[in-house]
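Worksheet: one structure, shown below.
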Amino acid sequence: MLHLYTAVFVSILVLVPNWLVGQEQQLDLSGTISDETGSPIEAAAVRVSQGEGHAVSDEHGRFSISFQTSGQTVFLEISHVSYEPVRIPVTQFEDHSGIQITLREAVRVLEGIEVYQDLLTMLLHESQPVLVIDREFIERNNAGTFSGALASLPGVSTINLGVGIAKPVIRGMSFNRILVNNRGIKQEGQQWGADHGLEIDPFDVESVEIIKGPASLLYGSDGLGGVINIREEKFPETEGNRIEWISSYQSNNSAFSNSLSWQGRKHNWLYSARVTHQDYGDYTVPADEFTYAGFNLPIYENRLKNTAGKELHYSVMTGYTNEDITSTLRFSAFNQEAGIFTGAIGLPRSYNLRHENRHRDIDFPRQENQHLMLISSTTLSLGKNRLEVDLGIQWNRREELSFPGAHGIDASVVNSNLALGLGLTTYTSNVRYQLNPAPGYSVLLGGQFQYMDNERDGFEFLLPDFNSTQLGFFSYHVWEVDRKWVFNAGIRYDHGRHTIRQHLQPLYDRGTLQPTGEFEERVPGFDRAFENFSGGAGATFILNASSNFKLNLGNSFRFPSAIELSSNGVHHGNFRHEVGDPSLDIERGYQADFTFQHREEDLLLEFSAFYAFYQQYIYLAPTGRFSYLASGGTMWQYRQDDAIFNGMELMASYRLPLNLKAELAAEWVQNINRNTDLPLPLTPAASVLTHLEYNGFKWAGRTISDAYVFAEGRQLFDQNRVDRNERTTSGSFILNAGMGCRLQVGERKLQFRLNISNLLNTSYFNHISRYRLINLPEQGRNLVLSLKIPVHPGK
């Protein structure tokens with residue numbers, strides 16, 4: 001039957017309607033863009049709702065744009081990161097050469113977040129909520145990791161392993177259900193592990209889209225729960241060079257971070273480079289003991305031994321752009337060495353938890369991670385249409401080093417301290433072709449291919465060698481019916497295959513720790529192939545200039561990962577023995593997502609509610625047995641059951657009198673296993689974040705400008721909805737505060753920030769933190785001081 005579906009799907013891709021658009025004519029528009037005070041706005045994006053017309057305003061706010069029209073209603077759309085977008089019918093302009101457009105300053109939720117709609121966002125997720133955060137937001141919420149900067153967004157939380165390793169969670173989903181699209185290429189880096197952070201330089205990100213909800217239709221398997229889309233940085237519009245240096249310090253773990261960037265343009269040639277270095281010591285917690293296997297063990301001087309780390313990241317980019325083509329080549333390298341809390345592996349004793357005041361030592365156990373990435377991105381303008389091609393190669397190397405004795409092996413029988421080595425090479429290609437066959441109608445056709453090769457190393461075993469291949473095709477359509485209604489729909493076909501290699505693990509005598517000469521088959525060799533059709537549809541109703549409603553209905557999917565099919569070993573980051581199941585089938589989800597947005601001059605409000613039913617949802621469940629492996633703890637196995645997820649998010653921002661701004665971000669998600677009638681494990685607790693800011697300092701002048709102070713509180717509620725054998729977590733209140741301003745020093749304007757997180761040094765637990773399993777609270781009070789210096793401001 002699938003062969004018939006395949007034929008139908010290919011026919012849809014090939015026989016896309018090419019509607020007649022009538023007699024076209026050329027229109028030339030020009031004018032100026034200014035704010036409400038009459039000051040010109042530079043770098044405002046101008047485009048038409050149909051065709052390929054686009055322009056950018058210059059330093060005087062002037063713009064000019066030319067495009068073809070077939071007589072149907074065409075809108076001029078103007079947007080800028082700091083102002084509210086406008087959409088004006090071209091027929092409103094009597095004088096095409098003297099257009100005057102005024103933009104109002106945008107209301108920003110959580111300082112740096114906006115509800116964003118550009119051309120690609122419209123084509124990809126017209127009916128879903130999309131948040132965009134900019135570099136300003138990331139710098140202001142710098143927590144040492146890229147994932148940590150996202151944690152204040154509604155619907156987004158993080159799984160932490162200490163302070164240097166974090167991964168995002170969207171609406172209660174994580175790991176292989178959240179896809180990270182790094183400048184057009186799906187990032188692959190052993191993301192199945194809770195103790196595996198995202199290998200992304202937090203300083204090397206300019207703009208990020210957070211797509212909440214199912215995104216498998218456009219991105220394929222792993223887009224089941226959402227997408228974090230890291231966009232390419234904006235290119236300079238004028239020739240010249242800009243050099244910036246950012247330096248920051250964190251008091252809790254004496255962390256020093258420095259990042260130097262260079263960006264420039266020469267005629268049509270583009271180039272940029274960045275190097276980042278981070279060095280941090282053991283961090284402190286507001287606790288003096290933790291629990292391991294039922295024993296209470298001390299935390300000396302509130303400092304966790306061996307949680308220090310150091311990082312070195314760098315990237316370079318070169319490219320070329322003109323009216324018809326934009327092509328870039330980018331190489332990046334992420335290098336991290338991070339200690340793992342001594343009490344997290346093996347059987348800790350009080351004597352080896354003493355740190356002896358060497359707080360920057362990185363001892364065993366530790367992680368050494370490297371991620372290299374080469375990306376080629378090309379966009380061709382073909383009249384009204386556009387072709388995009390992304391090619392990428394990734395090399396990911398992850399090593400966990402530990403003393404063999406902690407794993408039941410004599411050190412004399414292995415030649416290194418490499419407990420677990422995972423080397424992953426990934427080749428990716430994406431092709432997207434955007435057509436505009438008629439006014440108000442757009443089509444996006446695409447194909448994706450990915451090949452992965454994983455090789456293991458070390459004396460421990462968790463995941464075997466394997467190869468994986470995925471191939472997908474999709475067709476996505478958007479209809480702007482009128483000024484009130486926009487509809488979208490799409491269909492997708494995917495094929496995937498895992499080739500798992502057999503692994504024989506040597507056995508060791510429990511008494512002598514010497515090899516017995518016997519081997520155990522941990523994983524047999526096998527092949528699994530999958531194929532799937534999925535689709536989705538949505539609608540947007542524009543009530544008026546301030547309000548709109550969105551509804552999205554989708555059928556998404558996810559192929560089982562190699563780790564879910566074939567793992568069989570101790571996963572120390574999770575403190576348990578994990579076992580895969582080769583018989584696992586495809587996850588399928590049926591989701592509904594509703595969003596209401598309202599925006600006025602002083603008010604922004606967005607409310608989202610979602611419901612999803614998943615067939616054959618894959619999760620780790622305790623077996624009720626203890627592991628037969630040394631330090632294996634309990635044994636958990638991957639299994640499948642039907643599940644339901646639902647929840648809501650609320651964002652609001654309101655400008656009060658006296659230069660005050662109040663903001664609110666609330667989130668709640670719950671789920672249930674349809675087989676056990678119990679919640680699924682590791683579900684984030686509900687939370688409410690309130691933020692109050694004052695920026696009306698009258699003394700601010702030429703030397704000091706844009707000064708602000710803020711206070712915010714996050715209320716974490718009790719998480720009592722837990723799976724069998726999962727620990728409940730009590731609620732807590734965390735208070736943060738900060739201030740910032742711009743300092744004029746000569747010809748340069750510096751950005752200064754001072755933030756204090758967990759101001760009251762509250763002892764609280766993150767329910768989904770890995771260290772929660774051993775009763776370790778989150779990081780204590782932390783003062784973050786940062787300074788951004790434009791070494792060479794550019795033009």
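Residues in the structure tokens are numbered from 1 in each chain, the chains being A, B, ... in the order shown, and ligands are numbered from 1 in the order shown.
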
#### Entry: All residues 9 Å or closer to Lys234 (chain A), only C-alpha atoms, same chain fewer than 3 positions away omitted, as a list in words
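These residues fall inside the cut-off: Glu206, Ser207, Arg231 and Glu237 of chain A.
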
### Message
So that I can check the surroundings of region 355-358 of chain A, please list as an MDAnalysis selection string every protein, DNA and RNA residue that reaches within 6 Å of it, counting only C-alpha atoms and ignoring chain neighbours fewer than 2 positions away.
### Response
chainID A and resid 305 360:361

Excluding region 599-609 of chain A and its own-chain neighbours fewer than 6 positions away, which residues fall within 7 Å of it when counting only C-alpha atoms? Please give them as a PDB file with N, CA, C and O atoms, in the first residue's frame.
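As a result, selection.pdb now contains:
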```
ATOM      1  N   VAL A 107       6.564  46.223  21.461  1.00  0.00           N
ATOM      2  CA  VAL A 107       6.507  45.730  22.832  1.00  0.00           C
ATOM      3  C   VAL A 107       7.224  44.397  22.858  1.00  0.00           C
ATOM      4  O   VAL A 107       6.901  43.480  22.126  1.00  0.00           O
ATOM      5  N   SER A 546      -4.900  44.222  15.525  1.00  0.00           N
ATOM      6  CA  SER A 546      -4.267  43.902  16.801  1.00  0.00           C
ATOM      7  C   SER A 546      -4.375  42.436  17.195  1.00  0.00           C
ATOM      8  O   SER A 546      -3.575  41.964  17.999  1.00  0.00           O
ATOM      9  N   SER A 547      -5.345  41.703  16.663  1.00  0.00           N
ATOM     10  CA  SER A 547      -5.625  40.363  17.169  1.00  0.00           C
ATOM     11  C   SER A 547      -5.703  39.342  16.041  1.00  0.00           C
ATOM     12  O   SER A 547      -6.168  39.644  14.946  1.00  0.00           O
ATOM     13  N   ASP A 593      -3.113  22.495  18.109  1.00  0.00           N
ATOM     14  CA  ASP A 593      -2.448  23.622  18.763  1.00  0.00           C
ATOM     15  C   ASP A 593      -3.244  24.882  18.462  1.00  0.00           C
ATOM     16  O   ASP A 593      -3.473  25.219  17.291  1.00  0.00           O
ATOM     17  N   GLY A 647      -1.372  21.005  27.627  1.00  0.00           N
ATOM     18  CA  GLY A 647      -0.829  22.086  28.441  1.00  0.00           C
ATOM     19  C   GLY A 647      -1.125  23.439  27.839  1.00  0.00           C
ATOM     20  O   GLY A 647      -1.893  23.568  26.869  1.00  0.00           O
ATOM     21  N   MET A 648      -0.537  24.474  28.408  1.00  0.00           N
ATOM     22  CA  MET A 648      -0.745  25.839  27.944  1.00  0.00           C
ATOM     23  C   MET A 648       0.461  26.701  28.267  1.00  0.00           C
ATOM     24  O   MET A 648       1.300  26.351  29.110  1.00  0.00           O
ATOM     25  N   GLU A 649       0.562  27.843  27.565  1.00  0.00           N
ATOM     26  CA  GLU A 649       1.575  28.864  27.822  1.00  0.00           C
ATOM     27  C   GLU A 649       0.924  30.232  27.708  1.00  0.00           C
ATOM     28  O   GLU A 649       0.013  30.427  26.888  1.00  0.00           O
ATOM     29  N   LEU A 650       1.400  31.151  28.504  1.00  0.00           N
ATOM     30  CA  LEU A 650       0.881  32.521  28.488  1.00  0.00           C
ATOM     31  C   LEU A 650       2.054  33.486  28.543  1.00  0.00           C
ATOM     32  O   LEU A 650       2.943  33.344  29.394  1.00  0.00           O
ATOM     33  N   MET A 651       2.062  34.448  27.620  1.00  0.00           N
ATOM     34  CA  MET A 651       3.031  35.532  27.649  1.00  0.00           C
ATOM     35  C   MET A 651       2.263  36.850  27.660  1.00  0.00           C
ATOM     36  O   MET A 651       1.295  37.013  26.917  1.00  0.00           O
ATOM     37  N   ALA A 652       2.724  37.786  28.481  1.00  0.00           N
ATOM     38  CA  ALA A 652       2.090  39.099  28.517  1.00  0.00           C
ATOM     39  C   ALA A 652       3.121  40.152  28.860  1.00  0.00           C
ATOM     40  O   ALA A 652       4.051  39.889  29.630  1.00  0.00           O
ATOM     41  N   SER A 653       2.956  41.329  28.284  1.00  0.00           N
ATOM     42  CA  SER A 653       3.831  42.457  28.583  1.00  0.00           C
ATOM     43  C   SER A 653       2.988  43.721  28.546  1.00  0.00           C
ATOM     44  O   SER A 653       2.177  43.913  27.626  1.00  0.00           O
ATOM     45  N   TYR A 654       3.171  44.577  29.568  1.00  0.00           N
ATOM     46  CA  TYR A 654       2.371  45.800  29.650  1.00  0.00           C
ATOM     47  C   TYR A 654       3.239  46.941  30.149  1.00  0.00           C
ATOM     48  O   TYR A 654       3.994  46.781  31.124  1.00  0.00           O
ATOM     49  N   ARG A 655       3.141  48.067  29.458  1.00  0.00           N
ATOM     50  CA  ARG A 655       3.870  49.267  29.874  1.00  0.00           C
ATOM     51  C   ARG A 655       3.020  50.055  30.860  1.00  0.00           C
ATOM     52  O   ARG A 655       1.939  50.544  30.518  1.00  0.00           O
TER      53      ARG A 655
END
```

### Query
Which residues, written as number ranges by chain, have at least one atom at most 12 Å from Glu59 (chain A), with only C-alpha atoms counted and residues fewer than 6 positions away on the same chain left out?
A: 32-34, 39-44, 237-238, 795

Output the selection as a PDB file, in the first residue's frame - N, CA, C and O atoms for each residue.
```
ATOM      1  N   THR A  32      10.456  56.833   2.573  1.00  0.00           N
ATOM      2  CA  THR A  32      11.252  56.841   3.796  1.00  0.00           C
ATOM      3  C   THR A  32      10.473  56.179   4.921  1.00  0.00           C
ATOM      4  O   THR A  32       9.236  56.186   4.939  1.00  0.00           O
ATOM      5  N   ILE A  33      11.236  55.604   5.866  1.00  0.00           N
ATOM      6  CA  ILE A  33      10.666  54.941   7.039  1.00  0.00           C
ATOM      7  C   ILE A  33      11.202  55.648   8.276  1.00  0.00           C
ATOM      8  O   ILE A  33      12.420  55.854   8.403  1.00  0.00           O
ATOM      9  N   SER A  34      10.323  56.027   9.192  1.00  0.00           N
ATOM     10  CA  SER A  34      10.739  56.747  10.397  1.00  0.00           C
ATOM     11  C   SER A  34       9.950  56.248  11.591  1.00  0.00           C
ATOM     12  O   SER A  34       8.950  55.528  11.455  1.00  0.00           O
ATOM     13  N   SER A  39      12.386  60.346  13.509  1.00  0.00           N
ATOM     14  CA  SER A  39      13.765  59.940  13.251  1.00  0.00           C
ATOM     15  C   SER A  39      13.785  58.798  12.242  1.00  0.00           C
ATOM     16  O   SER A  39      12.961  57.878  12.324  1.00  0.00           O
ATOM     17  N   PRO A  40      14.718  58.850  11.282  1.00  0.00           N
ATOM     18  CA  PRO A  40      14.770  57.787  10.277  1.00  0.00           C
ATOM     19  C   PRO A  40      15.155  56.451  10.908  1.00  0.00           C
ATOM     20  O   PRO A  40      15.898  56.385  11.879  1.00  0.00           O
ATOM     21  N   ILE A  41      14.650  55.357  10.336  1.00  0.00           N
ATOM     22  CA  ILE A  41      14.931  54.008  10.810  1.00  0.00           C
ATOM     23  C   ILE A  41      15.803  53.309   9.780  1.00  0.00           C
ATOM     24  O   ILE A  41      15.404  53.143   8.630  1.00  0.00           O
ATOM     25  N   GLU A  42      16.983  52.908  10.206  1.00  0.00           N
ATOM     26  CA  GLU A  42      17.910  52.192   9.328  1.00  0.00           C
ATOM     27  C   GLU A  42      17.703  50.689   9.459  1.00  0.00           C
ATOM     28  O   GLU A  42      17.308  50.183  10.503  1.00  0.00           O
ATOM     29  N   ALA A  43      17.955  49.965   8.359  1.00  0.00           N
ATOM     30  CA  ALA A  43      17.934  48.492   8.330  1.00  0.00           C
ATOM     31  C   ALA A  43      16.543  47.916   8.550  1.00  0.00           C
ATOM     32  O   ALA A  43      16.398  46.811   9.068  1.00  0.00           O
ATOM     33  N   ALA A  44      15.504  48.652   8.160  1.00  0.00           N
ATOM     34  CA  ALA A  44      14.157  48.084   8.154  1.00  0.00           C
ATOM     35  C   ALA A  44      13.993  47.235   6.896  1.00  0.00           C
ATOM     36  O   ALA A  44      14.380  47.642   5.801  1.00  0.00           O
ATOM     37  N   GLU A 237      25.257  45.579   5.631  1.00  0.00           N
ATOM     38  CA  GLU A 237      24.718  46.193   4.426  1.00  0.00           C
ATOM     39  C   GLU A 237      25.744  47.088   3.748  1.00  0.00           C
ATOM     40  O   GLU A 237      25.630  47.371   2.551  1.00  0.00           O
ATOM     41  N   THR A 238      26.736  47.560   4.509  1.00  0.00           N
ATOM     42  CA  THR A 238      27.752  48.456   3.952  1.00  0.00           C
ATOM     43  C   THR A 238      29.132  47.844   4.143  1.00  0.00           C
ATOM     44  O   THR A 238      29.331  46.945   4.961  1.00  0.00           O
ATOM     45  N   LYS A 795      31.117  50.837  10.351  1.00  0.00           N
ATOM     46  CA  LYS A 795      30.331  51.960   9.838  1.00  0.00           C
ATOM     47  C   LYS A 795      28.871  51.808  10.211  1.00  0.00           C
ATOM     48  O   LYS A 795      28.372  50.720  10.383  1.00  0.00           O
TER      49      LYS A 795
END
```

### Task
Can you pull out every residue within 8 Å of Arg576 (chain A), counting only C-alpha atoms, but drop anything in the same chain fewer than 2 positions away, and send it as a VMD selection string?
chain A and resid 570 to 572 574 578 627 632 to 636

### Task
Considering only C-alpha atoms, state which residue in the set A:Leu29, A:Ile500, A:Ala489, A:Val163 is at the smallest distance from Gln100 (chain A).
A:Leu29

### Task
Tell me which protein, DNA and RNA residues are within 9 Å of Met173 (chain A), counting only C-alpha atoms, leaving out same-chain ones fewer than 5 positions away, and put them as a PyMOL selection string.
chain A and resi 168+178+224-226+683

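Counting only C-alpha atoms and comparing A:Val86, A:Val285, A:Leu420, A:Val205, the residue that lies closest to Ile138 (chain A) is A:Val205.
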
### Task
Pick out the closest residue to Ile756 (chain A) from this set: A:Asn335, A:Asn736, A:Asn181, A:Thr318. Count only C-alpha atoms.
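Among the listed residues, the smallest separation from Ile756 (chain A) belongs to A:Asn736.
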
#### Entry: Secondary structure check, strand (DSSP E or B) residues of region 432-672 of chain A, as an NGL selection string
:A and (432-438 or 441-457 or 466-480 or 485-500 or 503-508 or 515-523 or 526-542 or 547-558 or 568-571 or 576-579 or 587-599 or 603-626 or 634-656 or 660-672)

#### Entry: Residues flagged alpha helix (DSSP H) by DSSP in region 84-331 of chain A, as a list in words
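Selecting the alpha helix (DSSP H) positions of region 84-331 of chain A gives Leu119, Leu120, Thr121, Met122, Leu123, Leu124, His125, Arg135, Glu136, Phe137, Ile138, Glu139, Arg140, Phe146, Ser147, Gly148, Ala149, Ser216, Leu217, Leu218 and Tyr219 of chain A.
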
### Task
Go through A:Ile88, A:Leu103, A:Leu76, A:Leu422 one by one, measure the shortest atom-to-atom distance of each to Gly38 (chain A) using only C-alpha atoms, and give the residue with the smallest value.
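That would be A:Leu103, the residue with the smallest distance to Gly38 (chain A).
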
### Query
Taking into account only C-alpha atoms, which residue in the set A:Tyr476, A:Tyr219, A:Phe461, A:Tyr694 is nearest to Leu445 (chain A)?
A:Tyr476

### Query
Between A:Leu270, A:Leu418, A:Leu507, A:Ala562, which has the minimum distance to Pro236 (chain A) (counting only C-alpha atoms)?
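Going through A:Leu270, A:Leu418, A:Leu507, A:Ala562 one by one, the smallest distance to Pro236 (chain A) is for A:Leu270.
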
### Query
Tyr451 (chain A): which residues within 8 Å, counting only C-alpha atoms, same-chain residues fewer than 5 positions away excluded, as a PyMOL selection string?
chain A and resi 426-428+467-470

Writing out the chosen residues with N, CA, C and O atoms as a CSV table (one decimal), in the first residue's frame:
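Printed below is again-v8.csv as written:
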```
chain,number,residue,atom,x,y,z
A,426,THR,N,28.4,12.7,10.5
A,426,THR,CA,27.1,12.9,9.9
A,426,THR,C,27.2,13.7,8.6
A,426,THR,O,27.8,14.8,8.6
A,427,TYR,N,26.6,13.2,7.5
A,427,TYR,CA,26.5,14.0,6.3
A,427,TYR,C,25.0,14.4,6.0
A,427,TYR,O,24.1,13.5,6.1
A,428,THR,N,24.8,15.6,5.7
A,428,THR,CA,23.4,16.1,5.6
A,428,THR,C,23.3,17.0,4.3
A,428,THR,O,24.2,17.8,4.0
A,467,ASN,N,25.2,2.3,11.5
A,467,ASN,CA,25.0,3.3,10.4
A,467,ASN,C,23.5,3.6,10.4
A,467,ASN,O,22.7,2.7,10.6
A,468,SER,N,23.2,4.9,10.0
A,468,SER,CA,21.8,5.3,9.9
A,468,SER,C,21.6,6.1,8.6
A,468,SER,O,22.5,6.9,8.3
A,469,THR,N,20.5,5.9,7.9
A,469,THR,CA,20.2,6.7,6.7
A,469,THR,C,18.8,7.1,6.8
A,469,THR,O,17.9,6.4,7.2
A,470,GLN,N,18.5,8.4,6.5
A,470,GLN,CA,17.2,8.9,6.4
A,470,GLN,C,17.0,9.8,5.2
A,470,GLN,O,17.9,10.5,4.8
```

### Query
CA of Pro286 (chain A) and CA of Ser763 (chain A), how far apart in Å?
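According to the coordinates, CA of Ser763 (chain A) and CA of Pro286 (chain A) are separated by 5.3 Å.
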
### Query
Between CA of Arg674 (chain A) and CA of Tyr617 (chain A), what is the distance, to one decimal in Å?
10.0 Å

### Query
Which value, in Å to one decimal, gives the distance between CA of Ala411 (chain A) and CA of Glu337 (chain A)?
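CA of Ala411 (chain A) sits 22.6 Å away from CA of Glu337 (chain A).
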